[in-house]
file data-v3.csv (CSV, C-alpha atoms)
chain,number,residue,atom,x,y,z
A,923,MET,CA,14.9,-5.0,67.1
A,924,LYS,CA,11.8,-3.0,66.4
A,925,THR,CA,13.9,0.1,65.6
A,926,VAL,CA,15.9,-1.9,63.1
A,927,GLN,CA,12.8,-3.3,61.5
A,928,LYS,CA,11.3,0.2,61.2
A,929,LEU,CA,14.6,1.4,59.7
A,930,LEU,CA,14.7,-1.4,57.2
A,931,ALA,CA,11.0,-0.8,56.3
A,932,PHE,CA,11.7,2.9,55.7
A,933,VAL,CA,14.7,2.1,53.5
A,934,GLY,CA,12.6,-0.4,51.5
A,935,LEU,CA,9.9,2.2,51.0
A,936,LEU,CA,12.4,4.7,49.8
A,937,SER,CA,13.8,2.2,47.3
A,938,LEU,CA,10.4,1.3,46.0
A,939,CYS,CA,9.6,5.0,45.5
A,940,ALA,CA,12.9,5.5,43.7
A,941,LEU,CA,12.1,2.6,41.3
A,942,PHE,CA,8.6,4.0,40.7
A,943,VAL,CA,9.9,7.5,39.9
A,944,TYR,CA,12.6,6.0,37.5
A,945,ALA,CA,9.9,3.9,35.8
A,946,LEU,CA,8.0,7.0,35.0
A,947,GLN,CA,10.9,8.8,33.5
A,948,ASP,CA,11.3,9.0,29.7
A,949,ALA,CA,13.8,6.6,28.1
A,950,PRO,CA,16.9,8.0,26.3
A,951,THR,CA,16.0,9.6,23.0
A,952,ASP,CA,17.1,9.7,19.4
A,953,GLU,CA,16.0,13.2,18.5
A,954,ASN,CA,13.1,12.8,20.9
A,955,PHE,CA,11.7,9.9,18.9
A,956,GLU,CA,11.9,7.3,21.7
A,957,LYS,CA,9.8,9.6,24.0
A,958,LYS,CA,6.9,8.2,22.0
A,959,LEU,CA,7.7,4.6,23.0
A,960,ILE,CA,6.0,4.5,26.4
A,961,ASN,CA,4.3,1.6,28.0
A,962,ASP,CA,0.7,2.8,28.0
A,963,TYR,CA,-2.0,2.4,25.4
A,964,ASN,CA,-5.1,4.5,24.9
A,965,VAL,CA,-7.9,4.2,22.3
A,966,TYR,CA,-9.7,7.4,21.4
A,967,ALA,CA,-12.8,8.2,19.4
A,968,LEU,CA,-11.8,10.0,16.2
A,969,GLN,CA,-13.2,13.2,14.8
A,970,VAL,CA,-14.2,12.7,11.2
A,971,PRO,CA,-13.0,15.7,9.2
A,972,ALA,CA,-15.9,17.8,7.8
A,973,ASP,CA,-14.5,18.2,4.3
A,974,LEU,CA,-13.3,14.8,3.0
A,975,ASP,CA,-13.2,14.2,-0.7
A,976,PHE,CA,-12.1,11.7,-3.3
A,977,ALA,CA,-10.5,13.0,-6.5
A,978,GLY,CA,-12.0,16.4,-5.8
A,979,GLU,CA,-15.5,14.9,-5.3
A,980,SER,CA,-16.9,15.7,-1.9
A,981,MET,CA,-18.3,13.1,0.5
A,982,PRO,CA,-21.8,13.9,1.8
A,983,LEU,CA,-20.8,13.6,5.4
A,984,LYS,CA,-23.9,15.3,6.7
A,985,SER,CA,-25.8,12.2,5.9
A,986,PRO,CA,-25.8,10.0,9.0
A,987,ASP,CA,-25.0,6.7,7.3
A,988,ILE,CA,-22.2,8.2,5.3
A,989,TYR,CA,-20.7,9.7,8.5
A,990,GLU,CA,-20.9,6.4,10.3
A,991,ARG,CA,-19.3,4.4,7.5
A,992,MET,CA,-16.5,6.9,7.2
A,993,ASP,CA,-16.0,6.9,11.0
A,994,LYS,CA,-15.7,3.1,10.9
A,995,GLU,CA,-13.0,3.0,8.2
A,996,LEU,CA,-11.0,5.7,10.0
A,997,LEU,CA,-11.2,3.7,13.2
A,998,VAL,CA,-10.4,0.4,11.6
A,999,ASN,CA,-7.4,1.7,9.7
A,1000,THR,CA,-6.1,3.9,12.5
A,1001,TYR,CA,-6.1,1.1,15.1
A,1002,TRP,CA,-4.7,-1.5,12.8
A,1003,GLN,CA,-1.3,0.0,13.7
A,1004,SER,CA,1.1,-2.5,12.3
A,1005,ASN,CA,-0.6,-2.5,8.9
A,1006,GLY,CA,-0.9,1.3,8.9
A,1007,LEU,CA,2.8,1.7,9.7
A,1008,LEU,CA,3.7,-0.7,6.9
A,1009,MET,CA,1.6,1.4,4.5
A,1010,PHE,CA,3.7,4.5,5.4
A,1011,LYS,CA,6.9,2.6,4.8
A,1012,ARG,CA,5.8,1.1,1.5
A,1013,ALA,CA,4.2,4.3,0.2
A,1014,LYS,CA,7.6,6.0,0.4
A,1015,LYS,CA,9.0,3.3,-1.8
A,1016,TYR,CA,6.2,2.9,-4.4
A,1017,PHE,CA,4.3,6.2,-4.6
A,1018,PRO,CA,7.2,8.0,-6.5
A,1019,ILE,CA,6.8,5.3,-9.2
A,1020,ILE,CA,3.0,5.4,-9.3
A,1021,GLU,CA,2.4,9.2,-9.0
A,1022,PRO,CA,4.0,10.3,-12.3
A,1023,ILE,CA,2.2,7.6,-14.3
A,1024,LEU,CA,-1.2,8.7,-12.9
A,1025,ALA,CA,-0.4,12.3,-13.7
A,1026,LYS,CA,0.8,11.5,-17.2
A,1027,ASN,CA,-2.6,9.8,-17.9
A,1028,GLY,CA,-4.7,12.5,-16.3
A,1029,VAL,CA,-5.9,10.2,-13.5
A,1030,PRO,CA,-6.3,12.0,-10.1
A,1031,ASP,CA,-3.5,11.4,-7.6
A,1032,ASP,CA,-6.0,10.0,-5.1
A,1033,PHE,CA,-6.0,6.7,-7.0
A,1034,LYS,CA,-2.7,5.8,-5.6
A,1035,TYR,CA,-4.6,5.0,-2.4
A,1036,LEU,CA,-6.8,2.6,-4.4
A,1037,ALA,CA,-3.6,0.5,-4.9
A,1038,VAL,CA,-3.0,0.6,-1.2
A,1039,ILE,CA,-6.4,-1.0,-0.3
A,1040,GLU,CA,-6.2,-3.4,-3.3
A,1041,SER,CA,-2.9,-5.0,-2.3
A,1042,GLY,CA,-1.2,-3.2,0.6
A,1043,LEU,CA,1.4,-2.2,-2.1
A,1044,THR,CA,2.5,-5.8,-2.4
A,1045,ASN,CA,2.4,-8.3,-5.3
A,1046,ALA,CA,-0.7,-9.8,-3.8
A,1047,VAL,CA,-2.6,-12.9,-5.2
A,1048,SER,CA,-6.3,-13.0,-4.9
A,1049,PRO,CA,-8.5,-16.2,-4.8
A,1050,ALA,CA,-10.2,-14.9,-8.0
A,1051,GLY,CA,-6.9,-14.8,-9.9
A,1052,ALA,CA,-6.1,-11.1,-9.7
A,1053,ARG,CA,-2.3,-10.3,-9.3
A,1054,GLY,CA,0.1,-7.6,-8.5
A,1055,VAL,CA,-0.1,-4.2,-6.8
A,1056,TRP,CA,-3.2,-3.2,-8.9
A,1057,GLN,CA,-4.8,-6.7,-8.6
A,1058,ILE,CA,-5.4,-7.1,-12.3
A,1059,MET,CA,-7.4,-10.1,-13.6
A,1060,PRO,CA,-5.8,-12.1,-16.5
A,1061,ALA,CA,-8.3,-11.1,-19.1
A,1062,THR,CA,-8.0,-7.4,-18.2
A,1063,GLY,CA,-4.3,-7.6,-18.4
A,1064,LYS,CA,-4.3,-9.3,-21.8
A,1065,GLU,CA,-6.9,-6.9,-23.2
A,1066,ASN,CA,-4.7,-4.0,-22.3
A,1067,GLY,CA,-1.5,-5.3,-23.8
A,1068,LEU,CA,0.1,-7.2,-20.9
A,1069,GLU,CA,1.8,-10.5,-21.4
A,1070,VAL,CA,0.2,-13.0,-19.0
A,1071,ASN,CA,1.4,-16.6,-18.9
A,1072,ASP,CA,3.4,-19.0,-16.7
A,1073,ASN,CA,6.7,-17.7,-18.0
A,1074,VAL,CA,6.1,-13.9,-17.9
A,1075,ASP,CA,3.3,-12.1,-16.1
A,1076,GLU,CA,3.4,-8.4,-16.5
A,1077,ARG,CA,0.7,-7.8,-14.0
A,1078,TYR,CA,3.6,-7.9,-11.5
A,1079,HIS,CA,5.4,-5.1,-13.4
A,1080,LEU,CA,4.5,-2.0,-11.5
A,1081,GLU,CA,5.0,0.6,-14.2
A,1082,LYS,CA,3.1,-1.5,-16.9
A,1083,SER,CA,0.3,-2.5,-14.5
A,1084,THR,CA,-0.2,1.1,-13.4
A,1085,GLU,CA,-0.6,2.1,-17.1
A,1086,VAL,CA,-3.3,-0.6,-17.4
A,1087,ALA,CA,-5.1,0.6,-14.3
A,1088,CYS,CA,-5.1,4.1,-15.7
A,1089,LYS,CA,-6.7,2.9,-18.9
A,1090,TYR,CA,-9.4,1.0,-17.0
A,1091,LEU,CA,-10.2,3.9,-14.7
A,1092,ILE,CA,-10.4,6.5,-17.5
A,1093,LYS,CA,-12.8,4.2,-19.4
A,1094,SER,CA,-14.9,3.8,-16.2
A,1095,LYS,CA,-15.0,7.5,-15.7
A,1096,ASP,CA,-16.1,8.1,-19.3
A,1097,GLU,CA,-18.9,5.5,-18.9
A,1098,LEU,CA,-20.1,6.3,-15.4
A,1099,GLY,CA,-19.6,10.0,-15.2
A,1100,SER,CA,-17.5,10.4,-12.0
A,1101,TRP,CA,-14.2,9.4,-10.5
A,1102,THR,CA,-15.9,8.0,-7.4
A,1103,LEU,CA,-18.0,5.7,-9.5
A,1104,ALA,CA,-14.9,4.7,-11.5
A,1105,ALA,CA,-13.2,3.7,-8.2
A,1106,ALA,CA,-16.2,1.6,-7.2
A,1107,ALA,CA,-16.2,0.0,-10.7
A,1108,TYR,CA,-12.6,-1.1,-10.1
A,1109,ASN,CA,-14.1,-3.4,-7.5
A,1110,ALA,CA,-17.5,-4.3,-8.9
A,1111,GLY,CA,-17.0,-3.8,-12.7
A,1112,ASN,CA,-18.5,-1.1,-15.0
A,1113,SER,CA,-21.5,-3.3,-15.9
A,1114,GLY,CA,-22.1,-4.1,-12.2
A,1115,ILE,CA,-22.1,-0.4,-11.1
A,1116,SER,CA,-24.2,0.6,-14.1
A,1117,ARG,CA,-26.8,-2.1,-13.2
A,1118,TYR,CA,-27.0,-1.0,-9.6
A,1119,LEU,CA,-27.4,2.7,-10.6
A,1120,ARG,CA,-30.2,1.7,-13.0
A,1121,GLU,CA,-32.0,-0.7,-10.7
A,1122,GLN,CA,-31.9,1.7,-7.7
A,1123,ASN,CA,-32.6,4.8,-9.9
A,1124,VAL,CA,-29.8,6.9,-8.4
A,1125,LYS,CA,-26.8,8.7,-9.9
A,1126,ASN,CA,-23.9,8.5,-7.5
A,1127,TYR,CA,-22.0,6.0,-5.3
A,1128,TYR,CA,-23.1,7.4,-2.0
A,1129,ASP,CA,-26.8,6.8,-2.8
A,1130,LEU,CA,-26.3,3.1,-3.7
A,1131,LEU,CA,-27.0,0.1,-1.5
A,1132,LEU,CA,-24.1,-2.2,-2.3
A,1133,GLY,CA,-22.6,-5.4,-1.0
A,1134,GLU,CA,-20.1,-5.3,1.9
A,1135,GLU,CA,-16.9,-5.0,-0.1
A,1136,THR,CA,-18.0,-2.5,-2.7
A,1137,GLY,CA,-20.0,-0.6,-0.1
A,1138,ARG,CA,-16.8,0.0,1.9
A,1139,TYR,CA,-14.5,0.4,-1.0
A,1140,VAL,CA,-14.4,4.2,-1.5
A,1141,PHE,CA,-14.6,4.8,2.2
A,1142,ARG,CA,-11.5,2.7,2.7
A,1143,ILE,CA,-9.7,4.6,0.0
A,1144,VAL,CA,-10.5,7.9,1.6
A,1145,ALA,CA,-9.6,6.7,5.1
A,1146,LEU,CA,-6.1,5.6,3.9
A,1147,LYS,CA,-5.7,8.9,2.1
A,1148,GLU,CA,-6.6,10.9,5.2
A,1149,ILE,CA,-4.3,8.8,7.5
A,1150,LEU,CA,-1.4,8.6,5.1
A,1151,THR,CA,-1.6,12.4,4.6
A,1152,ASN,CA,-1.7,13.2,8.3
A,1153,PRO,CA,0.4,10.6,10.2
A,1154,ALA,CA,0.8,12.6,13.4
A,1155,LYS,CA,-2.9,13.4,13.6
A,1156,TYR,CA,-3.7,9.6,13.8
A,1157,GLY,CA,-0.8,8.7,16.1
A,1158,PHE,CA,1.7,7.3,13.7
A,1159,ASN,CA,5.3,8.3,14.7
A,1160,PHE,CA,8.3,7.6,12.5
A,1161,ARG,CA,11.4,9.1,11.2
A,1162,GLU,CA,12.3,9.5,7.5
A,1163,LYS,CA,15.0,6.8,8.0
A,1164,ASP,CA,12.3,4.3,9.1
A,1165,LEU,CA,10.7,4.3,5.7
A,1166,TYR,CA,11.5,2.0,2.8
A,1167,THR,CA,13.4,3.3,-0.3
A,1168,ASN,CA,14.0,2.1,-3.8
A,1169,VAL,CA,17.4,0.6,-4.6
A,1170,PRO,CA,18.7,2.3,-7.8
A,1171,THR,CA,18.8,0.1,-10.8
A,1172,TYR,CA,19.9,0.1,-14.4
A,1173,LYS,CA,18.2,-1.5,-17.4
A,1174,VAL,CA,19.4,-4.4,-19.4
A,1175,LYS,CA,17.7,-5.1,-22.7
A,1176,ILE,CA,17.1,-8.8,-23.6
A,1177,ASP,CA,15.7,-10.1,-26.9
A,1178,THR,CA,16.8,-13.8,-26.7
A,1179,GLU,CA,16.1,-16.9,-24.7
A,1180,ILE,CA,17.6,-17.1,-21.2
A,1181,THR,CA,18.0,-20.7,-20.1
A,1182,ASP,CA,19.2,-20.1,-16.5
A,1183,PHE,CA,18.4,-16.9,-14.6
A,1184,THR,CA,20.7,-18.0,-11.8
A,1185,LYS,CA,23.7,-17.9,-14.1
A,1186,PHE,CA,22.4,-14.7,-15.7
A,1187,ALA,CA,22.1,-13.0,-12.3
A,1188,GLU,CA,25.7,-14.0,-11.4
A,1189,GLN,CA,27.0,-12.2,-14.5
A,1190,TYR,CA,25.8,-8.9,-12.9
A,1191,GLY,CA,27.1,-9.6,-9.4
A,1192,ILE,CA,23.7,-10.6,-7.9
A,1193,ASN,CA,21.8,-13.8,-7.2
A,1194,TYR,CA,18.5,-15.3,-8.4
A,1195,LYS,CA,16.6,-14.0,-5.4
A,1196,ILE,CA,17.7,-10.4,-5.9
A,1197,LEU,CA,17.0,-10.6,-9.7
A,1198,LYS,CA,13.4,-11.7,-8.8
A,1199,ILE,CA,12.9,-9.0,-6.2
A,1200,HIS,CA,13.5,-6.4,-8.9
A,1201,ASN,CA,11.8,-8.2,-11.7
A,1202,PRO,CA,8.8,-10.1,-10.1
A,1203,TRP,CA,7.1,-10.4,-13.5
A,1204,LEU,CA,9.7,-13.1,-14.5
A,1205,ARG,CA,7.8,-16.1,-13.2
A,1206,GLU,CA,10.1,-18.9,-14.0
A,1207,PRO,CA,13.9,-19.5,-13.6
A,1208,LYS,CA,14.2,-19.1,-17.4
A,1209,LEU,CA,12.9,-16.9,-20.2
A,1210,ASP,CA,11.4,-18.8,-23.1
A,1211,ASN,CA,11.1,-15.8,-25.5
A,1212,LYS,CA,10.3,-17.9,-28.6
A,1213,SER,CA,9.1,-14.7,-30.3
A,1214,ARG,CA,12.4,-12.9,-29.6
A,1215,LYS,CA,10.5,-10.1,-27.9
A,1216,SER,CA,12.5,-7.3,-26.3
A,1217,TYR,CA,12.4,-7.2,-22.5
A,1218,THR,CA,13.9,-4.8,-20.1
A,1219,ILE,CA,15.4,-6.3,-16.9
A,1220,GLU,CA,16.2,-4.2,-13.9
A,1221,ILE,CA,19.6,-4.8,-12.3
A,1222,PRO,CA,20.4,-3.1,-9.0
A,1223,GLU,CA,23.4,-0.8,-8.8
A,1224,LYS,CA,26.4,-2.2,-7.0
A,1225,GLY,CA,26.9,-1.7,-3.3
A,1226,TYR,CA,23.3,-2.2,-2.1
A,1227,TYR,CA,23.4,-6.0,-1.6
A,1228,ASN,CA,25.9,-8.2,0.1
A,1229,VAL,CA,26.1,-11.2,-2.3
A,1230,GLN,CA,28.4,-14.0,-1.3

call {"tool": "encode", "arguments": {"input": "data-v3.csv", "output": "structure tokens"}}
result
Amino acid sequence: MKTVQKLLAFVGLLSLCALFVYALQDAPTDENFEKKLINDYNVYALQVPADLDFAGESMPLKSPDIYERMDKELLVNTYWQSNGLLMFKRAKKYFPIIEPILAKNGVPDDFKYLAVIESGLTNAVSPAGARGVWQIMPATGKENGLEVNDNVDERYHLEKSTEVACKYLIKSKDELGSWTLAAAAYNAGNSGISRYLREQNVKNYYDLLLGEETGRYVFRIVALKEILTNPAKYGFNFREKDLYTNVPTYKVKIDTEITDFTKFAEQYGINYKILKIHNPWLREPKLDNKSRKSYTIEIPEKGYYNVQ
């Protein structure tokens, strides 16, 4: 009996060892991607790069407080992994629309990361009333030629709102003297930043003592720029096919009233939901258009949606 018990114990030990070895083996891979998906989790201190900049303007990282504030934003945004991965996915979809508009207006490419921290590249709604990817307030939108009302709100129109953001940023740069201060003014306003500079008798953003949100603002932009530019360095693993892409569309010109967008959408082989996905600036299920203004509506090419 003892011999049998010893034999069974030995067999059990061998089985346990085999299971342990199997558990440590890598899972099957799709071009080695799944090797990254292992059941362990580690948090590491990050090395702050020595030469970070925003729009070509260097960050004074040798100053202890600047270094610590930059380190904080890198840590917060690196280890908020779900949000970070979503930013990579959305950037692939929306940066190709934003980048040429910035370039055309002479606004540094780094400002696309301002849109990332403003809205997460979504049509966000703020408690203060800002809307869209660029979080434009109603008055700012209207002052810069956007239609903003219950029926049509062009703050949700990515191309048009990017143009407005460019106008605002260029004006801020002209008034305040640097792109870094222009970025801060996008959060606190030109008059607010000007007042802080005057009251504290300093000339640049990094010398200002600001409130929590504006004080973090440029650091958050630079952190997202650094992470989105160097995904592997910060532990983000994905394939090109994991990223979001734009559905090709064609344009339909409208200069009349549309009483029912559901029926309008059906004429083009789509439904109301899909129409609104591609035209979020249409805020109601109808278009009043009493002035007979000309609008351009985006219609997705056939074959991308399964519409019953």

call {"tool": "residues_near_point", "arguments": {"input": "data-v3.csv", "point": "(-17.5, 3.5, 20.3)", "cutoff": "12 Å", "atoms": "all atoms listed in the file", "output": "PyMOL selection string"}}
result
chain A and resi 965-969+990+993-994+997-998

call {"tool": "residues_around", "arguments": {"input": "data-v3.csv", "residues": "Lys1082 in chain A", "least_positions_apart": "5", "cutoff": "8 Å", "atoms": "all atoms listed in the file", "output": "PyMOL selection string"}}
result
chain A and resi 1068+1076-1077

call {"tool": "atom_distance", "arguments": {"input": "data-v3.csv", "atom1": "CA of Thr1151 in chain A", "atom2": "CA of Lys984 in chain A"}}
result
22.6 Å

call {"tool": "closest_residue", "arguments": {"input": "data-v3.csv", "among": "A:Val1086, A:Leu1098, A:Val1070, A:Ile1039", "to": "Val1124 in chain A", "atoms": "only C-alpha atoms"}}
result
A:Leu1098

call {"tool": "closest_residue", "arguments": {"input": "data-v3.csv", "among": "A:Pro1207, A:Gly978, A:Pro971, A:Gly1042", "to": "Val1074 in chain A", "atoms": "only C-alpha atoms"}}
result
A:Pro1207

call {"tool": "residues_around", "arguments": {"input": "data-v3.csv", "residues": "range 1103-1111 of chain A", "least_positions_apart": "4", "cutoff": "9 Å", "atoms": "all atoms listed in the file", "output": "list in words"}}
result
Phe1033, Leu1036, Glu1040, Ala1087, Tyr1090, Leu1091, Ile1092, Lys1093, Ser1094, Lys1095, Asp1096, Glu1097, Leu1098, Gly1099, Ile1115, Ser1116, Asn1126, Tyr1127, Glu1135, Thr1136, Gly1137, Tyr1139, Val1140 and Ile1143 of chain A

call {"tool": "atom_distance", "arguments": {"input": "data-v3.csv", "atom1": "CA of Pro1170 in chain A", "atom2": "CA of Glu1223 in chain A"}}
result
5.7 Å

call {"tool": "closest_residue", "arguments": {"input": "data-v3.csv", "among": "A:Gly1157, A:Gly1054, A:Pro1060, A:Gly1133", "to": "Trp1203 in chain A", "atoms": "all atoms listed in the file"}}
result
A:Gly1054

call {"tool": "residues_near_point", "arguments": {"input": "data-v3.csv", "point": "(18.2, -11.3, -8.9)", "cutoff": "12 Å", "atoms": "all atoms listed in the file", "output": "VMD selection string"}}
result
chain A and resid 1171 1182 to 1202 1204 1207 1219 to 1223 1227 1229

call {"tool": "write_last_selection", "arguments": {"input": "data-v3.csv", "atoms": "C-alpha atoms", "output": "compact mmCIF listing (two decimals), keeping the file's coordinate frame"}}
result
# COMPACT_ATOMS: atom_id res chain seq x y z
CA THR A 1171 18.80 0.10 -10.80
CA ASP A 1182 19.20 -20.10 -16.50
CA PHE A 1183 18.40 -16.90 -14.60
CA THR A 1184 20.70 -18.00 -11.80
CA LYS A 1185 23.70 -17.90 -14.10
CA PHE A 1186 22.40 -14.70 -15.70
CA ALA A 1187 22.10 -13.00 -12.30
CA GLU A 1188 25.70 -14.00 -11.40
CA GLN A 1189 27.00 -12.20 -14.50
CA TYR A 1190 25.80 -8.90 -12.90
CA GLY A 1191 27.10 -9.60 -9.40
CA ILE A 1192 23.70 -10.60 -7.90
CA ASN A 1193 21.80 -13.80 -7.20
CA TYR A 1194 18.50 -15.30 -8.40
CA LYS A 1195 16.60 -14.00 -5.40
CA ILE A 1196 17.70 -10.40 -5.90
CA LEU A 1197 17.00 -10.60 -9.70
CA LYS A 1198 13.40 -11.70 -8.80
CA ILE A 1199 12.90 -9.00 -6.20
CA HIS A 1200 13.50 -6.40 -8.90
CA ASN A 1201 11.80 -8.20 -11.70
CA PRO A 1202 8.80 -10.10 -10.10
CA LEU A 1204 9.70 -13.10 -14.50
CA PRO A 1207 13.90 -19.50 -13.60
CA ILE A 1219 15.40 -6.30 -16.90
CA GLU A 1220 16.20 -4.20 -13.90
CA ILE A 1221 19.60 -4.80 -12.30
CA PRO A 1222 20.40 -3.10 -9.00
CA GLU A 1223 23.40 -0.80 -8.80
CA TYR A 1227 23.40 -6.00 -1.60
CA VAL A 1229 26.10 -11.20 -2.30

call {"tool": "atom_distance", "arguments": {"input": "data-v3.csv", "atom1": "CA of Arg1205 in chain A", "atom2": "CA of Thr1181 in chain A"}}
result
13.1 Å

call {"tool": "residues_around", "arguments": {"input": "data-v3.csv", "residues": "range 1011-1020 of chain A", "least_positions_apart": "2", "cutoff": "6 Å", "atoms": "only C-alpha atoms", "output": "number ranges by chain"}}
result
A: 1008-1009, 1022-1023, 1165-1168

call {"tool": "closest_residue", "arguments": {"input": "data-v3.csv", "among": "A:Leu1209, A:Val1029, A:Met1059, A:Ile1149", "to": "Gln1003 in chain A", "atoms": "only C-alpha atoms"}}
result
A:Ile1149

call {"tool": "closest_residue", "arguments": {"input": "data-v3.csv", "among": "A:Ile1176, A:Val1038, A:Met981, A:Val1169", "to": "Leu1150 in chain A", "atoms": "all atoms listed in the file"}}
result
A:Val1038
